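A.B. asks: Below is one structure. I have some questions about it.
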Amino acid sequence: MNVQKQNHSSEQQEQILKDQKKQRKASYQNLMLSVSSILLFFFIWEMVALLKLVPEHYLAPPEAIFRLLIIKIHDPNPDGAVLTVNILSSLQISFTGFIAAILIGVPLGWLMGWYRVVDSVVNPIFDIVRPIPPVAWIPLTIVWMGVGLKAKATIVFLSAFIPCVINSYTGIRQTNPVLIHVGKTCGASDFTIFWKIGIPSAMTMTFTGIKLAIGNAWSTLVAAEMLAASSGLGYMILQGRNFGRTDIVMLGVLAIGIIGTIIITLFSHLENVVLRWKRK
Amino acid sequence: MEQTEYKVRVEHLTKYFGDLHVLDDISFNIRKGEFLCVVGPTGCGKTTFLNLLTRIIAPTSGELYIDGIPADPKKHNLAFVFQEPSAMPWLTVEKNLRFGLEIKKIPKDEADRRVEEILKLLGLGDFRNFYPHQLSVSTAQRIIIGRAFIMHPDLLLMDEPYGQMDIKLRFYLEDEVIKLWKELKSTVVFITHNIEEAVYLADRVLILTNKPASIKEEVIIDLPRPRDVVDSKFIAYRKYITDQIKWW
């Protein structure tokens with residue numbers, strides 16, 4: 001019996017290793033496909049520009065934007081700040097708003113999902129705030145907080161806060177009742193069950209919410225930087241438009257896209273660590 | 001005198017859900033270390049019955065005493081094996097086993113000792129760092145059974161834990177449960193609709209009636225272990241219980 005069991009376990013382990021190998025191979029293939037699709041995109045863009053299918057002041061070719069990127073690293077013209085300053089300034093605003101949104105929104109969503117009292121108190125207000133587009137708050141935030149970091153971060157906060165709350169709320173609501181019963185029969189208090197069963201159960205949805213929040217935070221950035229700024233990627237884009245420099249606009253747009261992707265990728269890695277127990 | 005002899009006393013347990021009468025005046029006792037099987041037709045209120053025993057829901061009237069004290073999951077050591085998979089998917093095998101021990105604040109060295117003991121009894125030491133999704137359904141259920149026995153519970157309740165498994169696996173797992181039960185001397189209430197399983201496992205079988213459920217009869221299974229399912233006495237018990245519940 002024992003020998004048989006041993007065989008069974010090593011067989012299972014072997015199967016798992018084989019599956020992992022297969023997964024790694026598949027993910028490598030997917031990566032190659034993604035890289036080629038990006039390269040192809042830039043190639044077509046370059047061709048369109050080279051063959052002058054679109055006038056150059058409408059569509060700068062990728063290599064011109066790349067050259068501008070090198071220049072913008074040390075040259076603050078024409079918008080008044082070098083690229084790194086713009087990026088750092090944008091990151092500062094979006095991270096301030098985004099992190100505040102996670103720190104407040106996620107626990108709030110969990111508490112609303114678990115405790116009916118919190119839900120009844122907060123939900124009506126939340127329902128009214130939810131459909132308001134974040135940019136609609138701009139005039140009010142100017143009146144309340146001026147045009148500094150605080151005001152801009154608040155706009156970002158409002159956009160990132162909503163998905164954090166909704167998803168962590170939904171996540172904890174979907175806690176498997178059987179697992180709650182397991183906790184109850186062990187004699188766990190309601191808070192212990194919330195902490196040890198509710199929150200881990202809600203983690204998947206919570207991460208989805210946070211990822212949506214990253215997207216929202218980043219895309220509200222341009223609007224937030226319209227408030228008034230002397231640096232920032234949104235500001236750089238606006239200045240580019242004012243000077244009729246499509247290359248600067250496109251550099252700003254690309255920078256937002258690429259940095260956003262990097263942040264989401266880093267975050268997905270964090271998610272994979274935290275949710276490593278999940279079936280892939 | 002009688003009160004001290006019994007580990008668990010169930011007195012006049014009755015449950016209504018609104019107008020729906022689910023359980024009707026159920027009374028019975030369980031000796032310490034006894035293996036009790038409860039058989040009853042599907043939908044007769046077996047799950048309600050168990051949920052009352054674990055205090056997940058409160059009875060309309062009646063009481064359940066463990067060692068003479070009204071049962072309370074916070075005071076008593078109850079363990080439950082559900083029919084559905086109930087391993088915490090975010091915890092490894094070992095941490096799943098520790099889950100209840102941590103809630104009951106069992107000292108670390110005692111918890112370590114029990115974890116090793118159960119892993120050894122189950123022969124699942126190699127899987128201690130696996131997550132439930134990496135295991136087969138039956139292995140995951142064995143972990144759950146281990147998680148119940150590791151509590152050294154005052155009362156261990158099992159709700160058709162092998163409902164989903166094929167017959168070969170059932171025999172293997174039933175033997176394993178008997179092994180754990182003998183080793184750890186737990187008091188077990190095992191619910192099933194499989195009469196053969198009940199006769200194979202139980203010291204005593206309670207037969208429930210249709211809704212509202214009450215106890216129709218109790219049958220003491222006086223057979224040596226390990227039992228043989230084709231033994232004539234075994235078949236006689238099985239046939240007798242089947243006759244009692246023909247009206248299912």
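Going through the structure tokens in order, the chains are called A, B, and so on, while each chain numbers its residues from 1 and the ligands are numbered from 1 in the order shown.
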Step one, run DSSP on the backbone; step two, keep only residues of region 45-214 of chain B assigned to strand (DSSP E or B); then write them as a ChimeraX atom specification.
C.D. replies: /B:61-66,69-70,78-81,155-159,188-192,204-208,213
A.B. asks: Would you list, as a ChimeraX atom specification, the residues of region 56-246 of chain A that end up in helix (DSSP H, G or I) under DSSP run on this structure's backbone?
C.D. replies: /A:62-74,83-114,116-129,134-145,149-173,177-185,190-225,233-242,246
A.B. asks: Within 9 Å of chain A, which residues of chain B show up? Give each one with its shortest atom-to-atom distance in Å (one decimal) and the two atoms involved, counting only C-alpha atoms, rows by chain then rising residue number, as a Markdown table.
C.D. replies:
```
| residue | atom | partner | partner_atom | distance |
| --- | --- | --- | --- | --- |
| B:Thr54 | CA | A:Thr185 | CA | 6.0 |
| B:Arg55 | CA | A:Thr185 | CA | 7.5 |
| B:Ile56 | CA | A:Lys184 | CA | 6.8 |
| B:Asp72 | CA | A:Gly187 | CA | 7.7 |
| B:Pro73 | CA | A:Gly187 | CA | 4.3 |
| B:Lys74 | CA | A:Gly187 | CA | 4.1 |
| B:Lys75 | CA | A:Gly187 | CA | 7.5 |
| B:His76 | CA | A:Gly187 | CA | 8.0 |
| B:Asn77 | CA | A:Cys186 | CA | 7.1 |
| B:Leu78 | CA | A:Thr185 | CA | 5.9 |
| B:Ala79 | CA | A:Thr185 | CA | 6.2 |
| B:Phe80 | CA | A:Thr185 | CA | 6.8 |
| B:Val81 | CA | A:Val182 | CA | 8.4 |
| B:Phe82 | CA | A:Val178 | CA | 7.6 |
| B:Glu84 | CA | A:Val178 | CA | 7.6 |
| B:Pro85 | CA | A:Val178 | CA | 8.3 |
| B:Ser86 | CA | A:Leu179 | CA | 5.8 |
| B:Ala87 | CA | A:Leu179 | CA | 7.6 |
| B:Met88 | CA | A:Leu179 | CA | 7.1 |
| B:Pro89 | CA | A:Trp277 | CA | 6.6 |
| B:Trp90 | CA | A:Trp277 | CA | 5.1 |
| B:Leu91 | CA | A:Trp277 | CA | 7.2 |
| B:Thr92 | CA | A:Trp277 | CA | 8.0 |
| B:Phe99 | CA | A:Cys186 | CA | 8.8 |
| B:Gly100 | CA | A:Cys186 | CA | 5.7 |
| B:Leu101 | CA | A:Cys186 | CA | 8.6 |
| B:Ile103 | CA | A:Ala188 | CA | 6.1 |
| B:Lys104 | CA | A:Cys186 | CA | 7.3 |
| B:Gly123 | CA | A:Lys5 | CA | 7.5 |
| B:Leu124 | CA | A:Ser9 | CA | 8.2 |
| B:Asp126 | CA | A:Ser9 | CA | 7.3 |
| B:Phe127 | CA | A:Ser9 | CA | 7.9 |
| B:Phe130 | CA | A:Trp277 | CA | 8.8 |
| B:Tyr131 | CA | A:Trp277 | CA | 5.9 |
| B:Pro132 | CA | A:Trp277 | CA | 8.1 |
| B:His133 | CA | A:Arg279 | CA | 6.2 |
| B:Gln134 | CA | A:Ile16 | CA | 7.6 |
| B:Leu135 | CA | A:Gln12 | CA | 8.2 |
| B:Ser136 | CA | A:Gln12 | CA | 9.0 |
| B:Met151 | CA | A:Cys186 | CA | 8.9 |
```
A.B. asks: Suppose we keep C-alpha atoms; can you now write the selection as a short mmCIF file (atom, residue, chain, number, x, y, z; two decimals), in the first residue's frame?
C.D. replies:
```
data_model
loop_
_atom_site.label_atom_id
_atom_site.label_comp_id
_atom_site.auth_asym_id
_atom_site.auth_seq_id
_atom_site.Cartn_x
_atom_site.Cartn_y
_atom_site.Cartn_z
CA THR B 54 -22.25 22.56 14.71
CA ARG B 55 -24.25 25.61 15.70
CA ILE B 56 -24.04 27.16 12.25
CA ASP B 72 -20.57 26.13 21.55
CA PRO B 73 -17.92 26.17 18.78
CA LYS B 74 -15.96 28.77 20.76
CA LYS B 75 -15.75 26.54 23.85
CA HIS B 76 -15.85 23.09 22.32
CA ASN B 77 -13.72 21.54 19.75
CA LEU B 78 -15.95 20.79 16.79
CA ALA B 79 -14.81 19.72 13.38
CA PHE B 80 -16.79 19.41 10.20
CA VAL B 81 -16.03 17.74 6.91
CA PHE B 82 -18.29 19.22 4.27
CA GLU B 84 -18.09 20.29 -1.04
CA PRO B 85 -14.35 21.00 -1.29
CA SER B 86 -13.53 23.22 1.66
CA ALA B 87 -9.76 23.55 1.65
CA MET B 88 -8.63 27.15 1.78
CA PRO B 89 -7.27 27.53 -1.77
CA TRP B 90 -4.72 30.14 -0.70
CA LEU B 91 -3.13 27.92 1.94
CA THR B 92 -0.73 25.04 1.38
CA PHE B 99 -5.89 26.51 10.19
CA GLY B 100 -8.12 25.32 13.02
CA LEU B 101 -5.20 24.81 15.39
CA ILE B 103 -7.81 29.63 15.63
CA LYS B 104 -7.96 27.49 18.76
CA GLY B 123 1.00 9.54 3.90
CA LEU B 124 0.88 13.03 2.43
CA ASP B 126 5.44 14.98 0.16
CA PHE B 127 2.51 17.28 -0.51
CA PHE B 130 1.30 21.98 -2.40
CA TYR B 131 -1.74 24.17 -2.91
CA PRO B 132 -5.16 22.51 -3.07
CA HIS B 133 -5.61 23.12 -6.80
CA GLN B 134 -2.48 21.06 -7.45
CA LEU B 135 -4.08 18.03 -5.81
CA SER B 136 -6.73 15.64 -7.09
CA MET B 151 -8.34 19.15 16.05
#
```
A.B. asks: Counting only C-alpha atoms, which of B:Asp24, B:Glu94, B:Glu102, B:Glu197 gets nearest to Arg227 (chain B)?
C.D. replies: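 Of B:Asp24, B:Glu94, B:Glu102, B:Glu197, the one nearest Arg227 (chain B), counting only C-alpha atoms, is B:Glu197.
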A.B. asks: I want to know what sits within 12 Å of region 175-184 of chain B, based on only C-alpha atoms, with residues of the same chain fewer than 3 positions away left out; could you give that as a PyMOL selection string?
C.D. replies: (chain A and resi 1) or (chain B and resi 32-36+81+114+117-123+139+141-156+158+161-162+168-172+187-190+197+200-203+225-228)
A.B. asks: Neighbouring residues of Ala101 (chain A) were defined as those with any atom within 7 Å, considering only C-alpha atoms; residues of the same chain fewer than 5 positions away were excluded. Please report them as a PyMOL selection string.
C.D. replies: chain A and resi 157+160-161
A.B. asks: Need to verify the contact set: Ala213 (chain A), 12 Å, only C-alpha atoms, exclusion of same-chain residues closer than 6 positions in sequence. Can you return it as a ChimeraX atom specification?
C.D. replies: /A:94-95,97-102,105-106,156-168,206-207,219-220,260,263-264,267
A.B. asks: Kindly assemble as CSV a list of the region 42-120 of chain A residues that lie within 7 Å of region 243-253 of chain A, each paired with its nearest atom pair and their distance in Å to one decimal, using only C-alpha atoms, sorted first by chain and then by ascending residue number.
C.D. replies:
```
residue,atom,partner,partner_atom,distance
A:His57,CA,A:Thr246,CA,6.4
A:Tyr58,CA,A:Thr246,CA,6.4
A:Leu59,CA,A:Thr246,CA,6.8
A:Ala60,CA,A:Asp247,CA,5.5
A:Ile65,CA,A:Asp247,CA,5.9
```
A.B. asks: Applying 12 Å and only C-alpha atoms, which residues near region 28-41 of chain A remain after dropping the ones on its own chain fewer than 5 positions away? List them as a ChimeraX atom specification.
C.D. replies: /A:21-23,46-48,61-62,258
A.B. asks: What's around region 113-125 of chain A at 9 Å? Count only C-alpha atoms, leave out sequence neighbours fewer than 3 positions away in its own chain, and write the answer as a list in words.
C.D. replies: Leu108, Gly109, Trp110, Ile128, Val129, Arg130, Ser168, Tyr169, Thr170, Gly171, Ile172, Arg173, Phe194 and Gly198 of chain A
A.B. asks: Given only C-alpha atoms as the basis, pick out the residue of B:Ala111, B:Leu223, B:Lys95, B:Gly43 nearest to Ala236 (chain B).
C.D. replies: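 Among the listed residues, B:Leu223 lies closest to Ala236 (chain B).
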A.B. asks: Could you check how far CA of Val39 (chain B) sits from CA of Ala198 (chain B), in Å to one decimal?
C.D. replies: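 Straight-line distance from CA of Val39 (chain B) to CA of Ala198 (chain B) works out to 7.3 Å.
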